[in-house]
Every structure is written in C-alpha cells, then in structure tokens.
>>> print(open('input.pdb').read())   # PDB, C-alpha atoms
ATOM      1  CA  MET V   1     321.994 100.096 145.932
ATOM      2  CA  ARG V   2     318.727  98.990 147.562
ATOM      3  CA  ASN V   3     316.687 100.738 144.886
ATOM      4  CA  PHE V   4     318.732  99.067 142.139
ATOM      5  CA  ILE V   5     318.206  95.637 143.682
ATOM      6  CA  LEU V   6     314.476  96.137 143.959
ATOM      7  CA  THR V   7     314.218  97.516 140.453
ATOM      8  CA  ALA V   8     316.189  94.651 138.977
ATOM      9  CA  SER V   9     314.173  92.112 140.909
ATOM     10  CA  VAL V  10     310.876  93.621 139.779
ATOM     11  CA  ALA V  11     312.076  93.670 136.177
ATOM     12  CA  LEU V  12     313.007  90.024 136.364
ATOM     13  CA  THR V  13     309.733  89.090 138.029
ATOM     14  CA  LEU V  14     307.772  90.847 135.300
ATOM     15  CA  GLY V  15     309.875  89.331 132.543
ATOM     16  CA  LEU V  16     311.119  92.767 131.497
ATOM     17  CA  ALA V  17     314.840  92.161 131.899
ATOM     18  CA  GLY V  18     316.672  93.145 128.745
ATOM     19  CA  PRO V  19     320.295  92.941 127.589
ATOM     20  CA  ALA V  20     321.546  94.882 130.615
ATOM     21  CA  PHE V  21     320.702  91.854 132.735
ATOM     22  CA  ALA V  22     322.003  89.204 130.345
ATOM     23  CA  ALA V  23     324.887  88.221 132.636
ATOM     24  CA  ASP V  24     322.973  88.625 135.877
ATOM     25  CA  MET V  25     321.655  85.962 138.214
ATOM     26  CA  VAL V  26     319.407  86.214 141.236
ATOM     27  CA  PHE V  27     320.290  84.900 144.684
ATOM     28  CA  THR V  28     317.446  84.689 147.179
ATOM     29  CA  SER V  29     317.833  84.202 150.901
ATOM     30  CA  TRP V  30     316.228  85.121 154.220
ATOM     31  CA  GLY V  31     317.449  88.694 154.545
ATOM     32  CA  GLY V  32     319.025  90.249 157.621
ATOM     33  CA  THR V  33     322.582  89.735 158.779
ATOM     34  CA  THR V  34     322.843  86.237 157.314
ATOM     35  CA  GLN V  35     322.114  87.383 153.764
ATOM     36  CA  ASP V  36     324.409  90.363 154.265
ATOM     37  CA  ALA V  37     327.147  87.881 155.161
ATOM     38  CA  GLN V  38     326.325  85.661 152.185
ATOM     39  CA  LYS V  39     326.625  88.659 149.903
ATOM     40  CA  ALA V  40     329.955  89.722 151.372
ATOM     41  CA  SER V  41     331.391  86.193 151.646
ATOM     42  CA  TRP V  42     330.108  84.774 148.360
ATOM     43  CA  ALA V  43     328.414  87.113 145.921
ATOM     44  CA  ASP V  44     330.918  89.957 145.879
ATOM     45  CA  GLY V  45     333.884  87.657 145.246
ATOM     46  CA  PHE V  46     331.940  85.641 142.683
ATOM     47  CA  THR V  47     331.162  88.794 140.737
ATOM     48  CA  ASP V  48     334.785  89.901 140.908
ATOM     49  CA  SER V  49     336.003  86.584 139.510
ATOM     50  CA  THR V  50     333.294  85.923 136.902
ATOM     51  CA  LYS V  51     331.886  89.393 136.112
ATOM     52  CA  ILE V  52     328.416  87.917 136.688
ATOM     53  CA  THR V  53     326.305  90.305 138.740
ATOM     54  CA  VAL V  54     324.444  88.666 141.615
ATOM     55  CA  ILE V  55     321.160  90.406 142.305
ATOM     56  CA  GLN V  56     319.964  89.954 145.886
ATOM     57  CA  ASP V  57     316.299  89.138 146.473
ATOM     58  CA  GLY V  58     314.197  87.737 149.275
ATOM     59  CA  PRO V  59     312.964  86.619 151.586
ATOM     60  CA  THR V  60     312.818  82.955 150.630
ATOM     61  CA  ASP V  61     309.218  81.956 149.988
ATOM     62  CA  TYR V  62     308.307  78.327 149.263
ATOM     63  CA  GLY V  63     304.916  79.208 147.871
ATOM     64  CA  LYS V  64     306.550  81.585 145.428
ATOM     65  CA  ILE V  65     308.999  78.908 144.268
ATOM     66  CA  LYS V  66     306.116  76.537 143.558
ATOM     67  CA  ALA V  67     304.122  79.227 141.753
ATOM     68  CA  MET V  68     307.107  80.248 139.608
ATOM     69  CA  VAL V  69     307.886  76.696 138.569
ATOM     70  CA  GLU V  70     304.267  75.813 137.804
ATOM     71  CA  ALA V  71     303.846  78.986 135.745
ATOM     72  CA  GLY V  72     307.068  78.379 133.821
ATOM     73  CA  ALA V  73     308.298  81.775 134.993
ATOM     74  CA  THR V  74     311.186  81.025 137.333
ATOM     75  CA  ASN V  75     313.070  84.208 138.141
ATOM     76  CA  TRP V  76     315.194  83.021 141.056
ATOM     77  CA  ASP V  77     318.402  81.197 140.177
ATOM     78  CA  VAL V  78     319.834  80.109 143.532
ATOM     79  CA  VAL V  79     317.781  80.027 146.714
ATOM     80  CA  ASP V  80     318.792  79.411 150.320
ATOM     81  CA  VAL V  81     316.158  77.075 151.821
ATOM     82  CA  GLU V  82     315.761  74.835 154.852
ATOM     83  CA  GLY V  83     317.274  71.391 154.491
ATOM     84  CA  ASP V  84     314.049  69.421 154.851
ATOM     85  CA  TYR V  85     312.331  71.617 152.273
ATOM     86  CA  ALA V  86     315.203  70.944 149.851
ATOM     87  CA  VAL V  87     314.605  67.204 150.141
ATOM     88  CA  GLN V  88     310.841  67.584 149.755
ATOM     89  CA  ALA V  89     311.041  70.014 146.819
ATOM     90  CA  GLY V  90     313.561  67.843 144.997
ATOM     91  CA  LYS V  91     311.231  64.869 145.177
ATOM     92  CA  ALA V  92     308.320  67.063 144.078
ATOM     93  CA  GLY V  93     310.061  68.096 140.858
ATOM     94  CA  LEU V  94     310.475  71.744 141.836
ATOM     95  CA  LEU V  95     314.273  71.815 141.614
ATOM     96  CA  GLU V  96     316.989  71.360 139.036
ATOM     97  CA  LYS V  97     319.491  68.574 139.588
ATOM     98  CA  LEU V  98     322.835  70.053 140.530
ATOM     99  CA  ASP V  99     325.774  69.730 138.167
ATOM    100  CA  PHE V 100     328.462  67.984 140.187
ATOM    101  CA  SER V 101     330.937  68.304 137.346
ATOM    102  CA  VAL V 102     330.939  71.994 138.299
ATOM    103  CA  ILE V 103     330.257  71.681 142.040
ATOM    104  CA  ASP V 104     332.882  69.593 143.855
ATOM    105  CA  LYS V 105     330.768  67.605 146.287
ATOM    106  CA  SER V 106     333.742  65.465 147.366
ATOM    107  CA  LYS V 107     334.758  68.307 149.677
ATOM    108  CA  LEU V 108     331.283  68.802 151.174
ATOM    109  CA  ASP V 109     329.777  67.332 154.330
ATOM    110  CA  PRO V 110     327.805  64.351 152.981
ATOM    111  CA  ARG V 111     325.060  64.882 155.572
ATOM    112  CA  PHE V 112     323.957  67.916 153.614
ATOM    113  CA  VAL V 113     324.280  66.771 149.982
ATOM    114  CA  THR V 114     321.469  65.473 147.756
ATOM    115  CA  ASP V 115     321.035  65.332 143.989
ATOM    116  CA  PHE V 116     319.191  68.655 144.219
ATOM    117  CA  SER V 117     320.943  70.521 147.036
ATOM    118  CA  VAL V 118     324.122  71.158 148.954
ATOM    119  CA  GLY V 119     324.521  72.649 152.397
ATOM    120  CA  SER V 120     324.626  76.418 152.602
ATOM    121  CA  PHE V 121     325.755  76.385 156.237
ATOM    122  CA  TYR V 122     324.777  74.364 159.228
ATOM    123  CA  TYR V 123     323.732  75.366 162.682
ATOM    124  CA  SER V 124     322.652  73.933 165.982
ATOM    125  CA  PHE V 125     319.752  74.590 168.273
ATOM    126  CA  VAL V 126     321.512  75.011 171.606
ATOM    127  CA  ILE V 127     320.511  76.036 175.112
ATOM    128  CA  GLY V 128     321.266  79.693 175.726
ATOM    129  CA  CYS V 129     321.060  81.561 178.995
ATOM    130  CA  ASN V 130     321.493  85.133 180.237
ATOM    131  CA  LYS V 131     323.687  84.440 183.266
ATOM    132  CA  ASP V 132     323.031  87.846 184.804
ATOM    133  CA  ALA V 133     319.269  87.250 184.892
ATOM    134  CA  VAL V 134     318.991  83.892 186.678
ATOM    135  CA  ALA V 135     320.405  82.115 189.705
ATOM    136  CA  ALA V 136     321.430  79.123 187.587
ATOM    137  CA  CYS V 137     321.412  78.250 183.897
ATOM    138  CA  PRO V 138     319.876  75.083 182.445
ATOM    139  CA  LYS V 139     322.389  72.682 180.948
ATOM    140  CA  THR V 140     320.156  70.025 179.366
ATOM    141  CA  TRP V 141     316.838  69.908 177.553
ATOM    142  CA  ALA V 142     315.403  68.224 180.646
ATOM    143  CA  ASP V 143     316.466  71.316 182.609
ATOM    144  CA  VAL V 144     314.756  73.616 180.115
ATOM    145  CA  PHE V 145     311.525  71.692 180.650
ATOM    146  CA  ASP V 146     311.878  71.712 184.462
ATOM    147  CA  THR V 147     309.791  74.673 185.605
ATOM    148  CA  LYS V 148     310.376  73.989 189.295
ATOM    149  CA  LYS V 149     314.157  73.996 189.130
ATOM    150  CA  PHE V 150     314.244  76.692 186.444
ATOM    151  CA  PRO V 151     311.178  78.932 186.812
ATOM    152  CA  GLY V 152     310.347  81.709 184.383
ATOM    153  CA  LYS V 153     309.825  82.135 180.689
ATOM    154  CA  ARG V 154     311.807  80.174 178.115
ATOM    155  CA  ALA V 155     312.245  80.936 174.430
ATOM    156  CA  PHE V 156     311.559  78.524 171.566
ATOM    157  CA  TYR V 157     311.421  78.751 167.775
ATOM    158  CA  LYS V 158     307.896  79.522 166.618
ATOM    159  CA  TRP V 159     307.742  77.739 163.291
ATOM    160  CA  SER V 160     307.190  74.080 162.517
ATOM    161  CA  ALA V 161     310.700  72.846 161.794
ATOM    162  CA  PRO V 162     313.302  70.446 163.151
ATOM    163  CA  GLY V 163     314.386  71.374 166.659
ATOM    164  CA  VAL V 164     311.616  71.902 169.181
ATOM    165  CA  ILE V 165     309.914  68.512 168.914
ATOM    166  CA  GLU V 166     313.279  66.771 169.151
ATOM    167  CA  ALA V 167     314.150  68.850 172.222
ATOM    168  CA  ALA V 168     310.883  67.864 173.908
ATOM    169  CA  LEU V 169     311.514  64.177 173.304
ATOM    170  CA  LEU V 170     315.114  64.386 174.482
ATOM    171  CA  ALA V 171     313.874  66.162 177.615
ATOM    172  CA  ASP V 172     311.417  63.320 178.166
ATOM    173  CA  GLY V 173     314.181  60.747 178.086
ATOM    174  CA  VAL V 174     314.120  59.496 174.495
ATOM    175  CA  ALA V 175     317.588  58.445 173.378
ATOM    176  CA  ALA V 176     319.094  60.464 170.546
ATOM    177  CA  ASP V 177     319.354  57.413 168.286
ATOM    178  CA  LYS V 178     315.696  56.523 168.931
ATOM    179  CA  LEU V 179     314.105  59.852 168.028
ATOM    180  CA  TYR V 180     312.784  58.875 164.604
ATOM    181  CA  PRO V 181     310.060  58.403 163.708
ATOM    182  CA  LEU V 182     309.093  61.198 166.076
ATOM    183  CA  ASP V 183     306.561  60.229 168.740
ATOM    184  CA  LEU V 184     304.363  63.277 168.274
ATOM    185  CA  ASP V 185     301.874  62.364 170.995
ATOM    186  CA  ARG V 186     304.686  62.115 173.522
ATOM    187  CA  ALA V 187     306.325  65.310 172.286
ATOM    188  CA  PHE V 188     303.184  67.414 172.495
ATOM    189  CA  LYS V 189     302.373  65.993 175.921
ATOM    190  CA  LYS V 190     305.804  67.134 177.083
ATOM    191  CA  LEU V 191     305.395  70.534 175.437
ATOM    192  CA  ASP V 192     302.074  70.937 177.241
ATOM    193  CA  THR V 193     303.985  70.978 180.549
ATOM    194  CA  ILE V 194     305.716  74.270 179.665
ATOM    195  CA  LYS V 195     303.354  75.768 177.099
ATOM    196  CA  SER V 196     302.277  78.672 179.327
ATOM    197  CA  ASP V 197     305.937  79.492 180.011
ATOM    198  CA  ILE V 198     307.051  79.636 176.369
ATOM    199  CA  ILE V 199     307.738  82.857 174.504
ATOM    200  CA  TRP V 200     307.995  82.091 170.794
ATOM    201  CA  TRP V 201     310.590  83.739 168.592
ATOM    202  CA  SER V 202     310.140  83.903 164.841
ATOM    203  CA  GLY V 203     313.574  85.175 163.815
ATOM    204  CA  GLY V 204     317.120  85.413 165.071
ATOM    205  CA  ALA V 205     317.047  89.100 166.003
ATOM    206  CA  GLN V 206     313.928  88.592 168.105
ATOM    207  CA  SER V 207     315.525  85.651 169.900
ATOM    208  CA  GLN V 208     318.510  87.818 170.809
ATOM    209  CA  GLN V 209     316.267  90.574 172.120
ATOM    210  CA  LEU V 210     314.330  88.149 174.320
ATOM    211  CA  LEU V 211     317.532  86.835 175.868
ATOM    212  CA  ALA V 212     319.289  90.185 176.237
ATOM    213  CA  SER V 213     316.265  91.805 177.904
ATOM    214  CA  ALA V 214     315.722  88.684 180.049
ATOM    215  CA  GLU V 215     312.087  88.593 178.970
ATOM    216  CA  ALA V 216     312.988  84.965 178.334
ATOM    217  CA  PRO V 217     316.297  84.482 180.185
ATOM    218  CA  PHE V 218     316.960  81.054 178.682
ATOM    219  CA  GLY V 219     315.710  78.662 176.041
ATOM    220  CA  SER V 220     316.494  77.238 172.616
ATOM    221  CA  PHE V 221     318.481  79.373 170.163
ATOM    222  CA  TRP V 222     320.509  79.199 166.972
ATOM    223  CA  ASN V 223     324.113  78.947 168.093
ATOM    224  CA  GLY V 224     325.332  81.782 165.873
ATOM    225  CA  ARG V 225     322.930  84.235 167.425
ATOM    226  CA  LEU V 226     324.324  83.480 170.889
ATOM    227  CA  THR V 227     327.881  84.005 169.678
ATOM    228  CA  ALA V 228     326.925  87.353 168.170
ATOM    229  CA  LEU V 229     325.001  88.395 171.281
ATOM    230  CA  ALA V 230     327.945  87.572 173.547
ATOM    231  CA  GLU V 231     330.120  89.835 171.412
ATOM    232  CA  THR V 232     327.839  92.773 172.328
ATOM    233  CA  GLY V 233     328.615  92.294 176.020
ATOM    234  CA  VAL V 234     325.624  90.213 177.131
ATOM    235  CA  ASN V 235     326.726  87.567 179.647
ATOM    236  CA  VAL V 236     325.636  84.559 177.589
ATOM    237  CA  GLU V 237     326.149  80.924 178.534
ATOM    238  CA  THR V 238     325.775  78.287 175.821
ATOM    239  CA  SER V 239     325.194  74.618 176.563
ATOM    240  CA  TRP V 240     326.040  72.298 173.678
ATOM    241  CA  GLN V 241     324.627  69.179 175.337
ATOM    242  CA  GLN V 242     322.574  67.328 172.718
ATOM    243  CA  ASN V 243     322.763  70.277 170.351
ATOM    244  CA  ILE V 244     320.313  69.625 167.520
ATOM    245  CA  THR V 245     321.818  70.184 164.099
ATOM    246  CA  ALA V 246     320.085  71.265 160.930
ATOM    247  CA  ALA V 247     321.288  72.945 157.763
ATOM    248  CA  ASP V 248     320.197  75.440 155.199
ATOM    249  CA  ALA V 249     320.676  74.329 151.613
ATOM    250  CA  LEU V 250     321.356  75.937 148.261
ATOM    251  CA  VAL V 251     318.993  74.919 145.458
ATOM    252  CA  VAL V 252     318.195  75.906 141.880
ATOM    253  CA  PRO V 253     314.463  76.141 141.151
ATOM    254  CA  LYS V 254     313.235  74.238 138.100
ATOM    255  CA  GLY V 255     313.429  76.328 134.959
ATOM    256  CA  ALA V 256     315.928  78.844 136.328
ATOM    257  CA  LYS V 257     316.911  81.196 133.521
ATOM    258  CA  ASN V 258     320.584  81.322 134.456
ATOM    259  CA  LYS V 259     321.240  77.699 135.366
ATOM    260  CA  ASP V 260     324.869  77.645 134.266
ATOM    261  CA  ALA V 261     325.654  80.734 136.331
ATOM    262  CA  ALA V 262     323.733  79.225 139.225
ATOM    263  CA  MET V 263     325.914  76.111 139.243
ATOM    264  CA  LYS V 264     329.065  78.220 139.154
ATOM    265  CA  PHE V 265     327.753  80.364 141.998
ATOM    266  CA  ILE V 266     327.009  77.317 144.160
ATOM    267  CA  ALA V 267     330.478  75.956 143.419
ATOM    268  CA  TYR V 268     331.980  79.257 144.544
ATOM    269  CA  ALA V 269     329.745  79.566 147.612
ATOM    270  CA  THR V 270     330.616  76.070 148.818
ATOM    271  CA  SER V 271     334.364  76.367 148.253
ATOM    272  CA  ALA V 272     336.592  76.081 151.306
ATOM    273  CA  ASP V 273     337.467  79.785 151.333
ATOM    274  CA  SER V 274     333.905  81.043 150.841
ATOM    275  CA  GLN V 275     332.535  78.737 153.520
ATOM    276  CA  ALA V 276     335.277  79.788 155.937
ATOM    277  CA  LYS V 277     334.433  83.447 155.370
ATOM    278  CA  LEU V 278     330.725  82.876 155.995
ATOM    279  CA  ALA V 279     331.389  80.829 159.131
ATOM    280  CA  THR V 280     333.654  83.560 160.485
ATOM    281  CA  ALA V 281     330.998  86.191 159.811
ATOM    282  CA  THR V 282     327.993  84.288 161.182
ATOM    283  CA  GLY V 283     329.085  81.707 163.757
ATOM    284  CA  TYR V 284     327.437  78.952 161.722
ATOM    285  CA  ALA V 285     329.460  75.944 160.651
ATOM    286  CA  PRO V 286     330.909  75.516 157.151
ATOM    287  CA  THR V 287     329.721  72.646 154.974
ATOM    288  CA  ASN V 288     333.072  72.380 153.186
ATOM    289  CA  LEU V 289     335.260  69.924 155.091
ATOM    290  CA  ASP V 290     338.445  71.870 154.317
ATOM    291  CA  SER V 291     337.223  75.226 155.611
ATOM    292  CA  ASP V 292     338.347  74.711 159.196
ATOM    293  CA  GLN V 293     341.976  74.776 158.050
ATOM    294  CA  LEU V 294     341.467  78.368 156.914
ATOM    295  CA  MET V 295     339.849  79.684 160.085
ATOM    296  CA  ASP V 296     341.085  81.248 163.293
ATOM    297  CA  GLU V 297     341.275  78.619 166.037
ATOM    298  CA  LYS V 298     339.150  80.616 168.492
ATOM    299  CA  ILE V 299     336.345  80.964 165.955
ATOM    300  CA  ARG V 300     336.529  77.279 165.022
ATOM    301  CA  LEU V 301     336.037  76.256 168.645
ATOM    302  CA  SER V 302     332.758  78.186 168.805
ATOM    303  CA  LEU V 303     331.177  76.381 165.832
ATOM    304  CA  PRO V 304     328.841  73.371 165.801
ATOM    305  CA  ASP V 305     331.283  71.172 163.901
ATOM    306  CA  MET V 306     333.555  71.243 166.958
ATOM    307  CA  GLN V 307     330.737  69.773 169.070
ATOM    308  CA  ALA V 308     330.298  66.555 167.119
ATOM    309  CA  ASP V 309     330.407  64.286 170.175
ATOM    310  CA  SER V 310     327.273  65.863 171.616
ATOM    311  CA  GLN V 311     325.327  66.429 168.386
ATOM    312  CA  VAL V 312     321.883  65.114 167.544
ATOM    313  CA  ASN V 313     321.357  65.231 163.786
ATOM    314  CA  ALA V 314     317.839  66.169 162.727
ATOM    315  CA  ASN V 315     316.584  63.685 160.134
ATOM    316  CA  MET V 316     315.846  65.726 157.009
ATOM    317  CA  ASP V 317     314.342  62.788 155.109
ATOM    318  CA  TYR V 318     311.824  62.212 157.885
ATOM    319  CA  TRP V 319     310.933  65.895 158.052
ATOM    320  CA  ALA V 320     310.626  66.149 154.277
ATOM    321  CA  ALA V 321     308.126  63.300 154.254
ATOM    322  CA  ASN V 322     306.156  64.599 157.245
ATOM    323  CA  ARG V 323     306.627  68.376 157.372
ATOM    324  CA  ASP V 324     303.118  69.206 156.132
ATOM    325  CA  ALA V 325     301.328  66.883 158.562
ATOM    326  CA  ILE V 326     303.528  67.981 161.468
ATOM    327  CA  GLY V 327     302.948  71.615 160.550
ATOM    328  CA  GLU V 328     299.172  71.236 160.659
ATOM    329  CA  ARG V 329     299.320  69.699 164.111
ATOM    330  CA  TRP V 330     301.935  72.179 165.315
ATOM    331  CA  TYR V 331     299.993  75.317 164.453
ATOM    332  CA  ALA V 332     296.723  73.870 165.709
ATOM    333  CA  TRP V 333     298.422  73.111 169.034
ATOM    334  CA  GLN V 334     299.924  76.594 169.258
ATOM    335  CA  ALA V 335     296.519  78.164 168.641
ATOM    336  CA  LYS V 336     294.781  76.332 171.497
TER     337      LYS V 336
END
>>> encode(input="input.pdb", output="structure tokens")
Amino acid sequence: MRNFILTASVALTLGLAGPAFAADMVFTSWGGTTQDAQKASWADGFTDSTKITVIQDGPTDYGKIKAMVEAGATNWDVVDVEGDYAVQAGKAGLLEKLDFSVIDKSKLDPRFVTDFSVGSFYYSFVIGCNKDAVAACPKTWADVFDTKKFPGKRAFYKWSAPGVIEAALLADGVAADKLYPLDLDRAFKKLDTIKSDIIWWSGGAQSQQLLASAEAPFGSFWNGRLTALAETGVNVETSWQQNITAADALVVPKGAKNKDAAMKFIAYATSADSQAKLATATGYAPTNLDSDQLMDEKIRLSLPDMQADSQVNANMDYWAANRDAIGERWYAWQAK
C-alpha cells in the first residue's frame, strides 16, 4: 500500500496521472498516528460511500503549497494545516473558497470556520507531568516557570506557533483576556528565566518520549498525546488550568484539480460521525458541535471541549498577521 501511495503521489506531482486516477483526490496531512486516524476515520468511509479514492500524501509543507499555486500545478486537493496558516494563506490568495452549499458549517464550531477553512480538530496545550518522576507536579503556567519550586528540565514545543508565548505571558501574570496583542518583549524576558532548563520537542512522539523517560518530567504538551501516553501505563497527570486552544484546519489549495471531490471530502470529514471517530482515536476535540452526542462519556470527559471554563483561545487572526515576524524573532532567540 505504501508503494502505491508514493507512486500515485509522484505521478500526480509530475502531471503524469492518467485515466486510472480520474476519480482520485489527494489528502495531505502531517503523517504519524494523526494521519493514520484521519485515514481510518474519514478517508476509508468516504471512499466506501463515494467510490472516490483518497490518496494519502505528506507531510504538510507550506512552501510547497505556495510553489504549487504559483506554478499553476496544484496536486494536493485537501490539506490539513495549522489554523493561523489557514487564515494567512486565505488572505494571500493561496486557497480556494469553500463551498458551504456542500459543507454544512451550521454544525461546526464557529471559532474554527473562515471562508477558506474549517476546523480539522482542535487541541489544547496543557501541562503534563510524569508523577513517578517528581515530588510534585506543576498545576499552572506560573508553576512551570518556577525553577525553585519545580527544579529540572521542562518540555516545550520547538516551533514558532501559538502556545509557548501565551504560556509565558500567563505565567507572568497577564490576564487571559489581555493577551493580545502579545507583549513579545515581556514574553521573551519570561522565557529567558527558564531557557537553560527547556528541552524542545518538535513532534508529538518526541514529546511523549521526553515525558515517559523523565528526561523532561513535566512541561507543555498536546492534550491528546498525554491521553495516549497514559494508556500505555505511564503515570501521567494533566492540568487543564488555562489550557491554550488551537486548531488544525482543512483547506483546498488554489487550483486544486479535484475541487468538487475536495468539498465533498471536507463535508464528510467534518460530519458529526466522522469527527466523533477521529476524536475517539486521537484524544483531540471534534469541531462538529453534534459529535459529543455520539461519543462514549469517558472519552468525552478527556477532551478539550469539556474544559471550556478554563480555556484560553489562541487568536488565529493575530497570529496570521504576525506569524512571520514572530517566527524570525523566535528562531533568533532560540539560536542565542
């Protein structure tokens, strides 16, 4: 199967796809267990019901999207992207407007809907801790930044994206409703206080390994990864206090060759049943507001949408407008 996927993807990329691929479409995501779950929860059922084959490709690459669109050679039909990128790319003319006569946005969480995107799933950055490795677990972002009370290494997401800067400001006493525009000087000053104690993780599997091995016995993690890690027997504690929410989004790059199929796929992927299946498989929250009625109560209670009272919503519009400038400063700071 892997060889077929790669062969089909290469054929599409080179413009060599012939009649055998006439009813195919390409779905691109980040790989790993999340894309496996998207395939099982969305693509397989979509193919069964429509007879449209969904070719898996990846990982998502923003530079590649831009290059495809500018060259008039778009070979990805639906792509899972970060929410702030979806806003930015829509404004930059890199995406197709979604067809909401096909996609029922009335059932979708309005926080994650734009003219060019709908939420794929949403997640929270939460405080995770290996209880067997420390005397006490941090409960708040202020605790995570308190090296005297909580000595040792702490894990944080490596890439410039919503989450870490917000956590630093919350730890420094900024109220959740006063975060934006982000005070970058204040955030980096706070991050400086723990910089030597940070171990950066670049992907979910690495974050789990850091916590399980106690190389970094606590820190900031995607909530779904903590749920999955706990299921392996690791004694994980999750604090939802001021959990910072963000979402992935489904988009259609400009000039997609199978736009009609893409709209149907997004409609299927964001249906109540499909979103419930993905949430059950991943521990990330559904973006369809009816999905919780279809889920086991125990699973529902472990999802971010059941923690609404303590949520801090990352501002995707702000990040879309400032992601490039923040990224330059972020990576320069990391390199010092």
>>> atom_distance(input="input.pdb", atom1="CA of Arg111 in chain V", atom2="CA of Lys264 in chain V")
21.5 Å
>>> closest_atom_pairs(input="input.pdb", of="range 101-194 of chain V", to="range 208-223 of chain V", cutoff="7 Å", atoms="only C-alpha atoms", output="Markdown table")
| residue | atom | partner | partner_atom | distance |
| --- | --- | --- | --- | --- |
| V:Tyr123 | CA | V:Asn223 | CA | 6.5 |
| V:Ser124 | CA | V:Asn223 | CA | 5.6 |
| V:Phe125 | CA | V:Trp222 | CA | 4.8 |
| V:Val126 | CA | V:Phe221 | CA | 5.5 |
| V:Ile127 | CA | V:Ser220 | CA | 4.9 |
| V:Gly128 | CA | V:Phe218 | CA | 5.4 |
| V:Cys129 | CA | V:Phe218 | CA | 4.1 |
| V:Asn130 | CA | V:Pro217 | CA | 5.2 |
| V:Ala133 | CA | V:Ala214 | CA | 6.2 |
| V:Val144 | CA | V:Gly219 | CA | 6.6 |
| V:Lys153 | CA | V:Ala216 | CA | 4.9 |
| V:Arg154 | CA | V:Gly219 | CA | 4.7 |
| V:Ala155 | CA | V:Gly219 | CA | 4.4 |
| V:Phe156 | CA | V:Ser220 | CA | 5.2 |
>>> residues_around(input="input.pdb", residues="range 171-179 of chain V", least_positions_apart="4", cutoff="7 Å", atoms="all atoms listed in the file", output="list in words")
Trp141, Ala142, Phe145, Ala167, Lys190 and Val312 of chain V
>>> resolve_selection(input="input.pdb", expression="the PyMOL selection byres ((chain V and resi 121) around 7)", output="list in words")
Gly119, Ser120, Tyr122, Tyr123, Ala247, Asp248, Tyr284, Ala285, Pro286 and Thr287 of chain V
>>> closest_residue(input="input.pdb", among="V:Glu297, V:Ala86, V:Ile165, V:Gln206", to="Arg186 in chain V", atoms="only C-alpha atoms")
V:Ile165
>>> closest_residue(input="input.pdb", among="V:Thr227, V:Asn235, V:Ser207, V:Gln241", to="Arg300 in chain V", atoms="all atoms listed in the file")
V:Thr227
>>> closest_residue(input="input.pdb", among="V:Ala161, V:Leu108, V:Leu289, V:Val251", to="Asp305 in chain V", atoms="all atoms listed in the file")
V:Leu289
>>> residues_around(input="input.pdb", residues="range 267-283 of chain V", least_positions_apart="4", cutoff="9 Å", atoms="all atoms listed in the file", output="MDAnalysis selection string")
chainID V and resid 33:34 37:38 40:43 45:46 100 102:105 107:108 118:121 123 223:228 262:263 287:296 299:300 302:304
>>> closest_residue(input="input.pdb", among="V:Ser117, V:Ser160, V:Thr193, V:Thr60", to="Ala325 in chain V", atoms="all atoms listed in the file")
V:Ser160
>>> resolve_selection(input="input.pdb", expression="the PyMOL selection byres ((chain V and resi 92) around 12)", output="NGL selection string")
:V and (65-66 or 69-70 or 85-91 or 93-96 or 116 or 253-254 or 320-321)
>>> write_last_selection(input="input.pdb", atoms="C-alpha atoms", output="short mmCIF file (atom, residue, chain, number, x, y, z; two decimals), in the frame of the given file")
data_model
loop_
_atom_site.label_atom_id
_atom_site.label_comp_id
_atom_site.auth_asym_id
_atom_site.auth_seq_id
_atom_site.Cartn_x
_atom_site.Cartn_y
_atom_site.Cartn_z
CA ILE V 65 309.00 78.91 144.27
CA LYS V 66 306.12 76.54 143.56
CA VAL V 69 307.89 76.70 138.57
CA GLU V 70 304.27 75.81 137.80
CA TYR V 85 312.33 71.62 152.27
CA ALA V 86 315.20 70.94 149.85
CA VAL V 87 314.60 67.20 150.14
CA GLN V 88 310.84 67.58 149.76
CA ALA V 89 311.04 70.01 146.82
CA GLY V 90 313.56 67.84 145.00
CA LYS V 91 311.23 64.87 145.18
CA GLY V 93 310.06 68.10 140.86
CA LEU V 94 310.48 71.74 141.84
CA LEU V 95 314.27 71.82 141.61
CA GLU V 96 316.99 71.36 139.04
CA PHE V 116 319.19 68.66 144.22
CA PRO V 253 314.46 76.14 141.15
CA LYS V 254 313.24 74.24 138.10
CA ALA V 320 310.63 66.15 154.28
CA ALA V 321 308.13 63.30 154.25
#
>>> resolve_selection(input="input.pdb", expression="the PyMOL selection byres ((chain V and resi 240) around 8)", output="list in words")
Val126, Ile127, Thr238, Ser239, Gln241, Gln242, Asn243, Gln307, Ser310 and Gln311 of chain V
>>> write_last_selection(input="input.pdb", atoms="C-alpha atoms", output="PDB file, in the coordinates of the input")
ATOM      1  CA  VAL V 126     321.512  75.011 171.606  1.00  0.00           C
ATOM      2  CA  ILE V 127     320.511  76.036 175.112  1.00  0.00           C
ATOM      3  CA  THR V 238     325.775  78.287 175.821  1.00  0.00           C
ATOM      4  CA  SER V 239     325.194  74.618 176.563  1.00  0.00           C
ATOM      5  CA  GLN V 241     324.627  69.179 175.337  1.00  0.00           C
ATOM      6  CA  GLN V 242     322.574  67.328 172.718  1.00  0.00           C
ATOM      7  CA  ASN V 243     322.763  70.277 170.351  1.00  0.00           C
ATOM      8  CA  GLN V 307     330.737  69.773 169.070  1.00  0.00           C
ATOM      9  CA  SER V 310     327.273  65.863 171.616  1.00  0.00           C
ATOM     10  CA  GLN V 311     325.327  66.429 168.386  1.00  0.00           C
TER      11      GLN V 311
END
>>> closest_residue(input="input.pdb", among="V:Ile244, V:Ala205, V:Met25, V:Ile194", to="Val79 in chain V", atoms="only C-alpha atoms")
V:Met25
>>> closest_residue(input="input.pdb", among="V:Glu237, V:Tyr180, V:Tyr318, V:Asn313", to="Ala136 in chain V", atoms="all atoms listed in the file")
V:Glu237
>>> residues_around(input="input.pdb", residues="Asn258 in chain V", least_positions_apart="3", cutoff="10 Å", atoms="only C-alpha atoms", output="ChimeraX atom specification")
/V:22-26,74-78,252,255,261-263
>>> atom_distance(input="input.pdb", atom1="CA of Pro151 in chain V", atom2="CA of Asp132 in chain V")
15.0 Å
>>> atom_distance(input="input.pdb", atom1="CA of Asp192 in chain V", atom2="CA of Lys336 in chain V")
10.7 Å
>>> axis_aligned_box(input="input.pdb", around="range 190-208 of chain V", padding_each_side="8 Å", output="AutoDock Vina command-line options")
--center_x 310.3 --center_y 78.1 --center_z 172.2 --size_x 32.4 --size_y 38.0 --size_z 32.7
